[in-house]
>>> print(open('protein.txt').read())   # compact mmCIF, C-alpha atoms and all ligand atoms
# COMPACT_ATOMS: atom_id res chain seq x y z
CA MET H 10 28.72 86.88 14.78
CA ASP H 11 29.92 90.41 15.37
CA GLU H 12 33.61 90.63 14.36
CA LYS H 13 34.62 92.34 17.60
CA ILE H 14 32.94 89.69 19.78
CA LEU H 15 34.37 86.94 17.59
CA LYS H 16 37.91 88.24 18.02
CA SER H 17 37.51 88.37 21.81
CA LEU H 18 36.50 84.70 22.10
CA VAL H 19 38.52 81.49 22.33
CA LEU H 20 36.37 79.37 20.07
CA PRO H 21 35.85 75.63 20.52
CA ARG H 22 38.28 73.75 18.27
CA HIS H 23 35.82 70.92 17.64
CA ILE H 24 32.02 71.03 17.82
CA GLY H 25 29.74 67.98 17.67
CA PHE H 26 26.13 68.29 16.50
CA ILE H 27 23.35 65.79 17.26
CA MET H 28 20.86 66.72 14.54
CA ASP H 29 17.68 65.86 16.44
CA GLY H 30 14.06 66.90 15.94
CA ASN H 31 13.65 66.49 12.18
CA GLY H 32 10.70 64.12 12.52
CA ARG H 33 8.83 66.37 14.94
CA TRP H 34 9.53 69.41 12.78
CA ALA H 35 7.85 67.67 9.82
CA THR H 36 4.93 66.22 11.82
CA ALA H 37 4.15 69.66 13.26
CA ARG H 38 3.72 70.88 9.67
CA GLY H 39 1.60 67.94 8.56
CA LEU H 40 4.49 66.64 6.45
CA GLU H 41 6.11 63.22 6.23
CA ARG H 42 9.12 62.65 8.52
CA SER H 43 11.34 62.40 5.44
CA GLU H 44 10.62 66.08 4.72
CA GLY H 45 12.09 66.87 8.12
CA HIS H 46 15.32 65.10 7.18
CA LYS H 47 15.46 67.09 3.92
CA ALA H 48 15.07 70.32 5.89
CA GLY H 49 17.68 69.01 8.37
CA ALA H 50 20.12 68.42 5.51
CA GLU H 51 19.72 72.11 4.53
CA THR H 52 20.53 73.11 8.12
CA PHE H 53 23.59 70.85 7.96
CA ARG H 54 24.78 72.80 4.89
CA THR H 55 24.13 76.18 6.50
CA ILE H 56 25.78 75.30 9.80
CA SER H 57 28.84 73.57 8.31
CA THR H 58 29.40 76.58 6.02
CA TYR H 59 29.03 78.94 8.98
CA CYS H 60 31.53 76.90 11.03
CA ALA H 61 34.02 77.17 8.17
CA LYS H 62 33.52 80.94 8.13
CA LEU H 63 34.11 81.11 11.89
CA GLY H 64 37.29 79.11 11.42
CA ILE H 65 36.29 76.10 13.56
CA GLU H 66 38.90 73.36 13.14
CA SER H 67 36.61 70.30 13.24
CA VAL H 68 32.88 69.66 13.29
CA THR H 69 31.12 66.32 13.58
CA PHE H 70 27.51 65.79 12.53
CA TYR H 71 25.58 62.74 13.74
CA ALA H 72 23.70 61.82 10.56
CA PHE H 73 22.83 58.13 10.98
CA SER H 74 23.43 55.88 13.96
CA THR H 75 23.93 52.13 14.06
CA GLU H 76 20.47 52.03 15.71
CA ASN H 77 18.73 54.07 12.97
CA TRP H 78 18.34 50.93 10.78
CA LYS H 79 15.36 50.15 13.04
CA ARG H 80 13.43 53.03 11.42
CA PRO H 81 10.86 52.45 8.62
CA LYS H 82 12.48 51.39 5.32
CA LYS H 83 11.20 54.50 3.57
CA GLU H 84 12.81 56.82 6.11
CA VAL H 85 16.14 54.97 5.89
CA GLY H 86 15.88 55.19 2.09
CA THR H 87 15.34 58.97 2.24
CA LEU H 88 18.40 59.42 4.44
CA MET H 89 20.58 57.36 2.06
CA LYS H 90 19.23 59.47 -0.84
CA LEU H 91 20.14 62.65 1.05
CA PHE H 92 23.71 61.40 1.54
CA ARG H 93 23.97 60.63 -2.18
CA ALA H 94 22.56 64.05 -3.09
CA PHE H 95 25.06 65.71 -0.76
CA LEU H 96 27.97 63.83 -2.33
CA GLU H 97 26.85 64.63 -5.87
CA GLU H 98 26.35 68.26 -4.94
CA ALA H 99 29.76 68.34 -3.25
CA GLN H 100 31.28 67.28 -6.59
CA GLU H 101 29.32 69.95 -8.48
CA ARG H 102 30.17 72.64 -5.97
CA GLU H 103 33.81 71.69 -5.69
CA GLY H 104 34.97 75.25 -6.36
CA GLU H 105 32.77 76.66 -3.61
CA ASN H 106 33.80 73.98 -1.12
CA GLU H 107 37.42 74.55 -2.08
CA ALA H 108 37.08 78.21 -1.18
CA LEU H 109 35.71 77.19 2.22
CA GLY H 110 38.53 74.66 2.57
CA PHE H 111 36.33 71.78 3.75
CA ARG H 112 38.03 68.47 4.42
CA ILE H 113 35.27 65.90 4.44
CA LYS H 114 35.49 62.65 6.39
CA PHE H 115 32.99 59.92 7.09
CA ALA H 116 32.88 58.28 10.49
CA GLY H 117 31.18 54.94 10.97
CA ASP H 118 31.08 51.29 9.98
CA MET H 119 31.16 51.52 6.21
CA THR H 120 30.77 47.75 5.76
CA GLY H 121 27.05 48.00 6.50
CA LEU H 122 26.38 50.60 3.78
CA PRO H 123 25.48 50.27 0.07
CA LYS H 124 28.64 49.74 -2.02
CA ASP H 125 28.03 52.69 -4.37
CA LEU H 126 27.63 54.99 -1.37
CA ILE H 127 30.93 53.78 0.14
CA ARG H 128 32.66 54.50 -3.20
CA LEU H 129 31.19 58.02 -3.25
CA PHE H 130 32.27 58.59 0.38
CA ARG H 131 35.83 57.51 -0.40
CA THR H 132 36.02 59.69 -3.55
CA CYS H 133 34.73 62.69 -1.62
CA GLU H 134 37.28 62.09 1.19
CA ALA H 135 40.16 61.66 -1.27
CA ARG H 136 39.24 64.82 -3.21
CA SER H 137 39.21 66.97 -0.07
CA ALA H 138 42.05 65.24 1.82
CA ASN H 139 44.56 68.04 1.22
CA LYS H 140 42.28 70.87 2.29
CA THR H 141 43.32 72.84 5.33
CA GLY H 142 40.03 74.43 6.39
CA THR H 143 37.34 72.95 8.63
CA THR H 144 37.27 69.16 8.85
CA VAL H 145 33.65 68.10 8.46
CA ASN H 146 33.11 64.63 9.91
CA ILE H 147 29.80 63.06 8.93
CA ALA H 148 28.88 60.18 11.21
CA VAL H 149 27.01 57.57 9.18
CA ASN H 150 26.25 54.08 10.52
CA TYR H 151 28.07 55.37 13.57
CA GLY H 152 27.92 54.11 17.15
CA GLY H 153 30.31 55.18 19.88
CA ARG H 154 30.49 51.74 21.51
CA ALA H 155 31.07 50.06 18.13
CA GLU H 156 33.83 52.61 17.42
CA ILE H 157 35.63 51.83 20.69
CA THR H 158 35.16 48.08 20.14
CA ALA H 159 36.72 48.37 16.66
CA ALA H 160 39.68 50.33 18.08
CA VAL H 161 40.22 47.68 20.79
CA ARG H 162 40.09 44.92 18.16
CA LYS H 163 42.78 46.67 16.09
CA ILE H 164 44.98 46.92 19.19
CA ALA H 165 44.36 43.27 20.14
CA GLU H 166 45.31 42.21 16.62
CA LYS H 167 48.61 44.09 16.89
CA VAL H 168 49.31 42.48 20.26
CA ARG H 169 48.49 39.04 18.82
CA LYS H 170 50.93 39.60 15.96
CA GLY H 171 53.58 40.73 18.46
CA GLU H 172 53.68 44.25 16.95
CA MET H 173 52.71 45.79 20.27
CA GLY H 174 52.97 44.85 23.95
CA VAL H 175 50.08 45.01 26.44
CA ASP H 176 51.95 47.68 28.37
CA ASP H 177 52.04 49.85 25.22
CA ILE H 178 48.25 50.24 25.32
CA THR H 179 47.44 53.78 26.42
CA GLU H 180 44.59 56.25 26.06
CA ASP H 181 46.47 57.64 23.07
CA THR H 182 46.62 54.28 21.31
CA VAL H 183 42.85 53.88 21.79
CA SER H 184 42.24 57.45 20.50
CA ALA H 185 44.44 56.68 17.48
CA GLY H 186 42.09 53.83 16.52
CA LEU H 187 38.97 56.01 16.47
CA TYR H 188 37.44 57.66 13.39
CA THR H 189 38.44 61.07 14.74
CA ALA H 190 42.14 60.13 15.12
CA GLY H 191 44.40 63.15 14.85
CA GLN H 192 41.61 65.64 15.55
CA PRO H 193 41.04 67.39 18.88
CA ASP H 194 38.31 65.97 21.12
CA PRO H 195 35.04 67.91 20.86
CA ASP H 196 35.05 70.90 23.21
CA LEU H 197 31.36 71.45 22.69
CA ILE H 198 28.51 69.09 21.84
CA ILE H 199 25.22 70.68 20.78
CA ARG H 200 21.94 68.79 20.87
CA PRO H 201 18.83 70.56 19.63
CA GLY H 202 15.45 68.79 19.81
CA GLY H 203 14.78 68.94 23.54
CA GLU H 204 16.48 65.71 24.66
CA SER H 205 19.42 65.77 27.07
CA ARG H 206 21.42 62.68 26.20
CA LEU H 207 24.41 61.63 24.15
CA SER H 208 22.78 58.67 22.32
CA ASN H 209 26.06 56.80 21.75
CA PHE H 210 27.68 59.83 20.03
CA LEU H 211 31.46 60.29 20.45
CA ILE H 212 31.30 58.69 23.91
CA TRP H 213 35.09 58.31 24.25
CA GLN H 214 35.91 61.73 22.79
CA ALA H 215 33.25 63.50 24.92
CA ALA H 216 34.98 62.77 28.25
CA TYR H 217 35.53 66.50 28.89
CA SER H 218 33.12 68.05 26.39
CA GLU H 219 30.77 70.83 27.38
CA PHE H 220 27.14 70.14 26.48
CA TYR H 221 24.59 72.57 25.11
CA PHE H 222 20.98 71.42 24.92
CA THR H 223 18.18 73.43 23.34
CA ASP H 224 14.50 72.80 22.54
CA ILE H 225 14.89 74.25 19.04
CA LEU H 226 14.37 71.51 16.45
CA TRP H 227 17.37 70.90 14.17
CA PRO H 228 15.73 72.20 10.94
CA ASP H 229 15.08 75.51 12.76
CA PHE H 230 18.63 75.78 14.16
CA THR H 231 20.35 78.88 12.76
CA PRO H 232 23.85 80.42 12.79
CA GLU H 233 22.50 82.85 15.45
CA ASP H 234 21.61 79.84 17.62
CA LEU H 235 25.13 78.55 17.14
CA ASP H 236 26.49 81.97 18.19
CA LYS H 237 24.46 81.67 21.42
CA ALA H 238 25.82 78.19 22.09
CA ILE H 239 29.39 79.34 21.46
CA ILE H 240 29.03 82.41 23.69
CA ASP H 241 27.56 80.20 26.44
CA PHE H 242 30.47 77.75 25.99
CA CYS H 243 32.98 80.60 26.30
CA SER H 244 31.50 81.59 29.67
CA ARG H 245 32.17 78.18 31.20
CA ASN H 246 35.05 77.36 33.49
CA ARG H 247 36.62 74.18 32.14
CA ARG H 248 38.77 72.55 34.80
CA PHE H 249 39.49 69.12 33.25
CA GLY H 250 39.48 67.61 36.74
CA ALA H 251 41.88 70.18 38.20
CA VAL H 252 41.25 73.11 40.56
CA LYS H 253 41.28 76.53 38.90
C1 LIG B 301 17.21 62.63 14.25
O1 LIG B 301 15.97 63.30 14.22
C2 LIG B 301 17.84 62.78 12.96
C3 LIG B 301 18.30 61.76 12.18
C4 LIG B 301 18.20 60.34 12.56
C5 LIG B 301 18.89 62.01 10.85
C6 LIG B 301 19.77 63.23 10.72
C7 LIG B 301 20.20 63.36 9.32
C8 LIG B 301 20.11 64.49 8.57
C9 LIG B 301 19.65 65.79 9.10
C10 LIG B 301 20.53 64.44 7.14
C11 LIG B 301 21.92 64.97 7.05
C12 LIG B 301 22.38 64.97 5.69
C13 LIG B 301 23.67 65.03 5.33
C14 LIG B 301 23.98 65.14 3.91
C15 LIG B 301 24.79 64.98 6.30
P1 LIG B 301 14.63 62.48 14.44
O2 LIG B 301 14.12 62.03 13.14
O3 LIG B 301 14.86 61.38 15.44
O4 LIG B 301 13.69 63.57 15.04
P2 LIG B 301 12.46 63.30 16.01
O5 LIG B 301 13.05 63.04 17.37
O6 LIG B 301 11.72 64.60 15.96
O7 LIG B 301 11.68 62.16 15.49
>>> encode(input="protein.txt", output="structure tokens")
Amino acid sequence: MDEKILKSLVLPRHIGFIMDGNGRWATARGLERSEGHKAGAETFRTISTYCAKLGIESVTFYAFSTENWKRPKKEVGTLMKLFRAFLEEAQEREGENEALGFRIKFAGDMTGLPKDLIRLFRTCEARSANKTGTTVNIAVNYGGRAEITAAVRKIAEKVRKGEMGVDDITEDTVSAGLYTAGQPDPDLIIRPGGESRLSNFLIWQAAYSEFYFTDILWPDFTPEDLDKAIIDFCSRNRRFGAVK
């Protein structure tokens, strides 16, 4: 983005990305769907790096939903392989990532994932925990309803143990039990791929998010497309329920 334009904008603090359209991108090229996910993983790298350069505080990428287990075994296997490759590469490229200041976090129900992958996730999180640049949340085995349910369970457990009263339950205590605790809610959620729905992504956090839908398929999504989405976002009048 042009420096002058960039300086004149109040950027979103947190952007969510629903990485949709990988399968169609591959099919249109006569390739297997898995190839679309590989291309989508490249776009993830390009866009997360670009967000770090723009100075975005947090980004969340929807990489694998709790419903995605219903996909063919081979496709699920490819996605797990891509996560492993990303983690291994993150270790190799530590210097580069350090320069960008990425803090990497995984959002989702880790109990349903292969043990070695969970270990790699935790190592990657621990290694980047002190970074102060963009927080990159990768939602894996993630579902918004499951996330809220887990937060409510944690609260109920505290109430049962007498550590908390029912009257102490507030929106903040629910937010504090979510994977994104401590981060701002997403200001902007971008969904490429032509569909206009949230698909169980950050449903609590998205209460006042602005949405940007585009027909571009995720593997074709570029930093210039992100510029367009950000400029569109900046033109909106966010009232948060008030009159302005
Ligand atoms: C939805 O497109 C996309 C997914 C279910 C997977 C997204 C995951 C990646 C791009 C890999 C990310 C990798 C890392 C390391 C974070 P779709 O397959 O439903 O597309 P379709 O609607 O065209 O079929």
>>> closest_atom_pairs(input="protein.txt", of="chain H", to="ligand LIG 301 (chain B)", cutoff="6 Å", atoms="all atoms listed in the file", output="tab-separated table")
residue	atom	partner	partner_atom	distance
H:Met28	CA	B:LIG301	C2	5.2
H:Asp29	CA	B:LIG301	O1	3.8
H:Gly30	CA	B:LIG301	O6	3.3
H:Asn31	CA	B:LIG301	O4	4.1
H:Gly32	CA	B:LIG301	O6	3.6
H:Arg33	CA	B:LIG301	O6	3.5
H:His46	CA	B:LIG301	C9	4.8
H:Gly49	CA	B:LIG301	C9	3.8
H:Ala50	CA	B:LIG301	C12	4.1
H:Ala72	CA	B:LIG301	C7	4.0
H:Phe73	CA	B:LIG301	C4	5.4
H:Leu91	CA	B:LIG301	C14	5.4
H:Phe92	CA	B:LIG301	C14	4.4
H:Phe95	CA	B:LIG301	C14	4.8
H:Ile147	CA	B:LIG301	C15	6.0
>>> closest_residue(input="protein.txt", among="H:Gly186, H:Lys90, H:Lys237, H:Asp125", to="H:Lys167", atoms="all atoms listed in the file")
H:Gly186
>>> residues_around(input="protein.txt", residues="H:Glu134", least_positions_apart="2", cutoff="9 Å", atoms="only C-alpha atoms", output="PyMOL selection string")
chain H and resi 112-115+129-132+136-138
>>> closest_residue(input="protein.txt", among="H:Ile127, H:Cys60, H:Val68, H:Ala35", to="H:Asp236", atoms="only C-alpha atoms")
H:Cys60
>>> residues_around(input="protein.txt", residues="H:Asn209", least_positions_apart="6", cutoff="12 Å", atoms="all atoms listed in the file", output="ChimeraX atom specification")
/H:27,71,73-77,148,150-157,215
>>> atom_distance(input="protein.txt", atom1="atom CA of H:Phe220", atom2="atom CA of H:Asp194")
13.1 Å
>>> residues_near_point(input="protein.txt", point="(14.2, 61.4, 0.9)", cutoff="12 Å", atoms="all atoms listed in the file", output="list in words")
Glu41, Arg42, Ser43, Glu44, Gly45, His46, Lys47, Ala48, Gly49, Ala50, Lys82, Lys83, Glu84, Val85, Gly86, Thr87, Leu88, Met89, Lys90, Leu91, Phe92, Arg93, Ala94 and Phe95 of chain H
>>> atom_distance(input="protein.txt", atom1="atom CA of H:Trp213", atom2="atom CA of H:Arg80")
25.7 Å
>>> atom_distance(input="protein.txt", atom1="atom CA of H:Pro21", atom2="atom CA of H:Val183")
22.9 Å
>>> closest_residue(input="protein.txt", among="H:Lys140, H:Arg206, H:Arg102, H:Lys79", to="H:Ala61", atoms="all atoms listed in the file")
H:Lys140
>>> axis_aligned_box(input="protein.txt", around="stretch 226-232 of chain H", padding_each_side="8 Å", output="AutoDock Vina command-line options")
--center_x 19.1 --center_y 75.7 --center_z 13.7 --size_x 25.5 --size_y 25.5 --size_z 21.5
>>> residues_around(input="protein.txt", residues="H:Ser67", least_positions_apart="2", cutoff="8 Å", atoms="all atoms listed in the file", output="list in words")
Arg22, His23, Ile24, Ile65, Thr69, Thr143, Thr144, Val145, Asn146, Gln192 and Pro193 of chain H
>>> write_last_selection(input="protein.txt", atoms="C-alpha atoms", output="short mmCIF file (atom, residue, chain, number, x, y, z; two decimals), in the frame of the given file")
data_model
loop_
_atom_site.label_atom_id
_atom_site.label_comp_id
_atom_site.auth_asym_id
_atom_site.auth_seq_id
_atom_site.Cartn_x
_atom_site.Cartn_y
_atom_site.Cartn_z
CA ARG H 22 38.28 73.75 18.27
CA HIS H 23 35.82 70.92 17.64
CA ILE H 24 32.02 71.03 17.82
CA ILE H 65 36.29 76.10 13.56
CA THR H 69 31.12 66.32 13.58
CA THR H 143 37.34 72.95 8.63
CA THR H 144 37.27 69.16 8.85
CA VAL H 145 33.65 68.10 8.46
CA ASN H 146 33.11 64.63 9.91
CA GLN H 192 41.61 65.64 15.55
CA PRO H 193 41.04 67.39 18.88
#
>>> closest_residue(input="protein.txt", among="H:Lys62, H:Gly25, H:Ala135, H:Ser218", to="H:Thr189", atoms="all atoms listed in the file")
H:Gly25
>>> closest_residue(input="protein.txt", among="H:Gly121, H:Ala165, H:Gly39, H:Gly142", to="H:Asp177", atoms="all atoms listed in the file")
H:Ala165
>>> decode(input="protein.txt", residues="stretch 72-85 of chain H", atoms="all heavy atoms", output="PDB file, in the first residue's frame")
ATOM      1  N   ALA H  72      -8.211 -22.213   9.438  1.00  0.00           N
ATOM      2  CA  ALA H  72      -7.483 -23.226   8.670  1.00  0.00           C
ATOM      3  C   ALA H  72      -8.174 -24.589   8.648  1.00  0.00           C
ATOM      4  O   ALA H  72      -8.036 -25.341   7.678  1.00  0.00           O
ATOM      5  CB  ALA H  72      -6.073 -23.378   9.231  1.00  0.00           C
ATOM      6  N   PHE H  73      -8.897 -24.917   9.732  1.00  0.00           N
ATOM      7  CA  PHE H  73      -9.542 -26.242   9.792  1.00  0.00           C
ATOM      8  C   PHE H  73     -10.642 -26.182  10.841  1.00  0.00           C
ATOM      9  O   PHE H  73     -10.379 -25.907  12.007  1.00  0.00           O
ATOM     10  CB  PHE H  73      -8.502 -27.304  10.176  1.00  0.00           C
ATOM     11  CG  PHE H  73      -8.968 -28.719   9.958  1.00  0.00           C
ATOM     12  CD1 PHE H  73      -8.804 -29.338   8.728  1.00  0.00           C
ATOM     13  CD2 PHE H  73      -9.579 -29.438  10.989  1.00  0.00           C
ATOM     14  CE1 PHE H  73      -9.237 -30.643   8.526  1.00  0.00           C
ATOM     15  CE2 PHE H  73     -10.010 -30.728  10.795  1.00  0.00           C
ATOM     16  CZ  PHE H  73      -9.840 -31.341   9.561  1.00  0.00           C
ATOM     17  N   SER H  74     -11.867 -26.417  10.406  1.00  0.00           N
ATOM     18  CA  SER H  74     -12.985 -26.303  11.346  1.00  0.00           C
ATOM     19  C   SER H  74     -13.314 -27.655  11.971  1.00  0.00           C
ATOM     20  O   SER H  74     -12.871 -28.705  11.472  1.00  0.00           O
ATOM     21  CB  SER H  74     -14.222 -25.758  10.626  1.00  0.00           C
ATOM     22  OG  SER H  74     -14.810 -26.782   9.851  1.00  0.00           O
ATOM     23  N   THR H  75     -14.094 -27.609  13.033  1.00  0.00           N
ATOM     24  CA  THR H  75     -14.503 -28.863  13.691  1.00  0.00           C
ATOM     25  C   THR H  75     -15.329 -29.717  12.716  1.00  0.00           C
ATOM     26  O   THR H  75     -15.437 -30.923  12.884  1.00  0.00           O
ATOM     27  CB  THR H  75     -15.347 -28.552  14.959  1.00  0.00           C
ATOM     28  OG1 THR H  75     -16.275 -27.503  14.659  1.00  0.00           O
ATOM     29  CG2 THR H  75     -14.490 -28.123  16.119  1.00  0.00           C
ATOM     30  N   GLU H  76     -15.889 -29.099  11.698  1.00  0.00           N
ATOM     31  CA  GLU H  76     -16.717 -29.815  10.710  1.00  0.00           C
ATOM     32  C   GLU H  76     -15.860 -30.394   9.568  1.00  0.00           C
ATOM     33  O   GLU H  76     -16.320 -31.262   8.819  1.00  0.00           O
ATOM     34  CB  GLU H  76     -17.776 -28.872  10.090  1.00  0.00           C
ATOM     35  CG  GLU H  76     -18.924 -28.505  11.033  1.00  0.00           C
ATOM     36  CD  GLU H  76     -18.503 -27.570  12.151  1.00  0.00           C
ATOM     37  OE1 GLU H  76     -17.684 -26.658  11.903  1.00  0.00           O
ATOM     38  OE2 GLU H  76     -18.964 -27.770  13.296  1.00  0.00           O
ATOM     39  N   ASN H  77     -14.631 -29.903   9.415  1.00  0.00           N
ATOM     40  CA  ASN H  77     -13.803 -30.336   8.280  1.00  0.00           C
ATOM     41  C   ASN H  77     -13.356 -31.802   8.358  1.00  0.00           C
ATOM     42  O   ASN H  77     -12.883 -32.363   7.364  1.00  0.00           O
ATOM     43  CB  ASN H  77     -12.573 -29.430   8.115  1.00  0.00           C
ATOM     44  CG  ASN H  77     -12.902 -28.072   7.532  1.00  0.00           C
ATOM     45  OD1 ASN H  77     -12.212 -27.084   7.775  1.00  0.00           O
ATOM     46  ND2 ASN H  77     -13.963 -27.985   6.740  1.00  0.00           N
ATOM     47  N   TRP H  78     -13.544 -32.451   9.525  1.00  0.00           N
ATOM     48  CA  TRP H  78     -13.214 -33.886   9.632  1.00  0.00           C
ATOM     49  C   TRP H  78     -14.091 -34.712   8.700  1.00  0.00           C
ATOM     50  O   TRP H  78     -13.775 -35.851   8.388  1.00  0.00           O
ATOM     51  CB  TRP H  78     -13.401 -34.372  11.078  1.00  0.00           C
ATOM     52  CG  TRP H  78     -12.471 -33.739  12.054  1.00  0.00           C
ATOM     53  CD1 TRP H  78     -12.775 -32.813  13.005  1.00  0.00           C
ATOM     54  CD2 TRP H  78     -11.054 -33.982  12.192  1.00  0.00           C
ATOM     55  NE1 TRP H  78     -11.655 -32.453  13.721  1.00  0.00           N
ATOM     56  CE2 TRP H  78     -10.582 -33.159  13.249  1.00  0.00           C
ATOM     57  CE3 TRP H  78     -10.138 -34.807  11.525  1.00  0.00           C
ATOM     58  CZ2 TRP H  78      -9.254 -33.133  13.647  1.00  0.00           C
ATOM     59  CZ3 TRP H  78      -8.802 -34.783  11.938  1.00  0.00           C
ATOM     60  CH2 TRP H  78      -8.378 -33.956  12.970  1.00  0.00           C
ATOM     61  N   LYS H  79     -15.227 -34.124   8.267  1.00  0.00           N
ATOM     62  CA  LYS H  79     -16.152 -34.858   7.385  1.00  0.00           C
ATOM     63  C   LYS H  79     -15.591 -34.974   5.960  1.00  0.00           C
ATOM     64  O   LYS H  79     -16.170 -35.629   5.111  1.00  0.00           O
ATOM     65  CB  LYS H  79     -17.501 -34.115   7.304  1.00  0.00           C
ATOM     66  CG  LYS H  79     -18.279 -34.081   8.608  1.00  0.00           C
ATOM     67  CD  LYS H  79     -19.565 -33.287   8.408  1.00  0.00           C
ATOM     68  CE  LYS H  79     -20.055 -32.668   9.695  1.00  0.00           C
ATOM     69  NZ  LYS H  79     -20.835 -31.457   9.464  1.00  0.00           N
ATOM     70  N   ARG H  80     -14.508 -34.294   5.675  1.00  0.00           N
ATOM     71  CA  ARG H  80     -13.930 -34.322   4.320  1.00  0.00           C
ATOM     72  C   ARG H  80     -13.196 -35.649   4.081  1.00  0.00           C
ATOM     73  O   ARG H  80     -12.846 -36.346   5.036  1.00  0.00           O
ATOM     74  CB  ARG H  80     -12.950 -33.152   4.167  1.00  0.00           C
ATOM     75  CG  ARG H  80     -13.703 -31.850   4.199  1.00  0.00           C
ATOM     76  CD  ARG H  80     -12.839 -30.682   3.849  1.00  0.00           C
ATOM     77  NE  ARG H  80     -13.686 -29.511   3.783  1.00  0.00           N
ATOM     78  CZ  ARG H  80     -13.519 -28.504   2.939  1.00  0.00           C
ATOM     79  NH1 ARG H  80     -12.522 -28.509   2.099  1.00  0.00           N
ATOM     80  NH2 ARG H  80     -14.347 -27.493   2.948  1.00  0.00           N
ATOM     81  N   PRO H  81     -12.923 -35.982   2.776  1.00  0.00           N
ATOM     82  CA  PRO H  81     -12.205 -37.239   2.511  1.00  0.00           C
ATOM     83  C   PRO H  81     -10.892 -37.310   3.296  1.00  0.00           C
ATOM     84  O   PRO H  81     -10.223 -36.283   3.497  1.00  0.00           O
ATOM     85  CB  PRO H  81     -11.938 -37.176   1.002  1.00  0.00           C
ATOM     86  CG  PRO H  81     -12.929 -36.201   0.458  1.00  0.00           C
ATOM     87  CD  PRO H  81     -13.246 -35.238   1.553  1.00  0.00           C
ATOM     88  N   LYS H  82     -10.560 -38.541   3.737  1.00  0.00           N
ATOM     89  CA  LYS H  82      -9.368 -38.783   4.570  1.00  0.00           C
ATOM     90  C   LYS H  82      -8.108 -38.158   3.965  1.00  0.00           C
ATOM     91  O   LYS H  82      -7.275 -37.568   4.649  1.00  0.00           O
ATOM     92  CB  LYS H  82      -9.159 -40.288   4.706  1.00  0.00           C
ATOM     93  CG  LYS H  82      -9.243 -40.780   6.132  1.00  0.00           C
ATOM     94  CD  LYS H  82      -8.958 -42.262   6.161  1.00  0.00           C
ATOM     95  CE  LYS H  82      -8.549 -42.642   7.577  1.00  0.00           C
ATOM     96  NZ  LYS H  82      -8.397 -44.072   7.711  1.00  0.00           N
ATOM     97  N   LYS H  83      -7.995 -38.301   2.634  1.00  0.00           N
ATOM     98  CA  LYS H  83      -6.796 -37.826   1.940  1.00  0.00           C
ATOM     99  C   LYS H  83      -6.666 -36.304   2.089  1.00  0.00           C
ATOM    100  O   LYS H  83      -5.568 -35.785   2.315  1.00  0.00           O
ATOM    101  CB  LYS H  83      -6.900 -38.223   0.456  1.00  0.00           C
ATOM    102  CG  LYS H  83      -5.606 -38.030  -0.268  1.00  0.00           C
ATOM    103  CD  LYS H  83      -5.668 -38.535  -1.681  1.00  0.00           C
ATOM    104  CE  LYS H  83      -4.401 -38.069  -2.394  1.00  0.00           C
ATOM    105  NZ  LYS H  83      -4.620 -37.919  -3.811  1.00  0.00           N
ATOM    106  N   GLU H  84      -7.808 -35.626   1.950  1.00  0.00           N
ATOM    107  CA  GLU H  84      -7.785 -34.160   2.039  1.00  0.00           C
ATOM    108  C   GLU H  84      -7.413 -33.713   3.462  1.00  0.00           C
ATOM    109  O   GLU H  84      -6.608 -32.798   3.651  1.00  0.00           O
ATOM    110  CB  GLU H  84      -9.158 -33.601   1.630  1.00  0.00           C
ATOM    111  CG  GLU H  84      -9.138 -32.103   1.452  1.00  0.00           C
ATOM    112  CD  GLU H  84     -10.434 -31.552   0.876  1.00  0.00           C
ATOM    113  OE1 GLU H  84     -11.148 -32.270   0.147  1.00  0.00           O
ATOM    114  OE2 GLU H  84     -10.711 -30.373   1.167  1.00  0.00           O
ATOM    115  N   VAL H  85      -7.990 -34.417   4.449  1.00  0.00           N
ATOM    116  CA  VAL H  85      -7.665 -34.093   5.855  1.00  0.00           C
ATOM    117  C   VAL H  85      -6.169 -34.325   6.074  1.00  0.00           C
ATOM    118  O   VAL H  85      -5.473 -33.491   6.679  1.00  0.00           O
ATOM    119  CB  VAL H  85      -8.525 -34.944   6.835  1.00  0.00           C
ATOM    120  CG1 VAL H  85      -8.052 -34.774   8.267  1.00  0.00           C
ATOM    121  CG2 VAL H  85     -10.010 -34.582   6.717  1.00  0.00           C
TER     122      VAL H  85
END
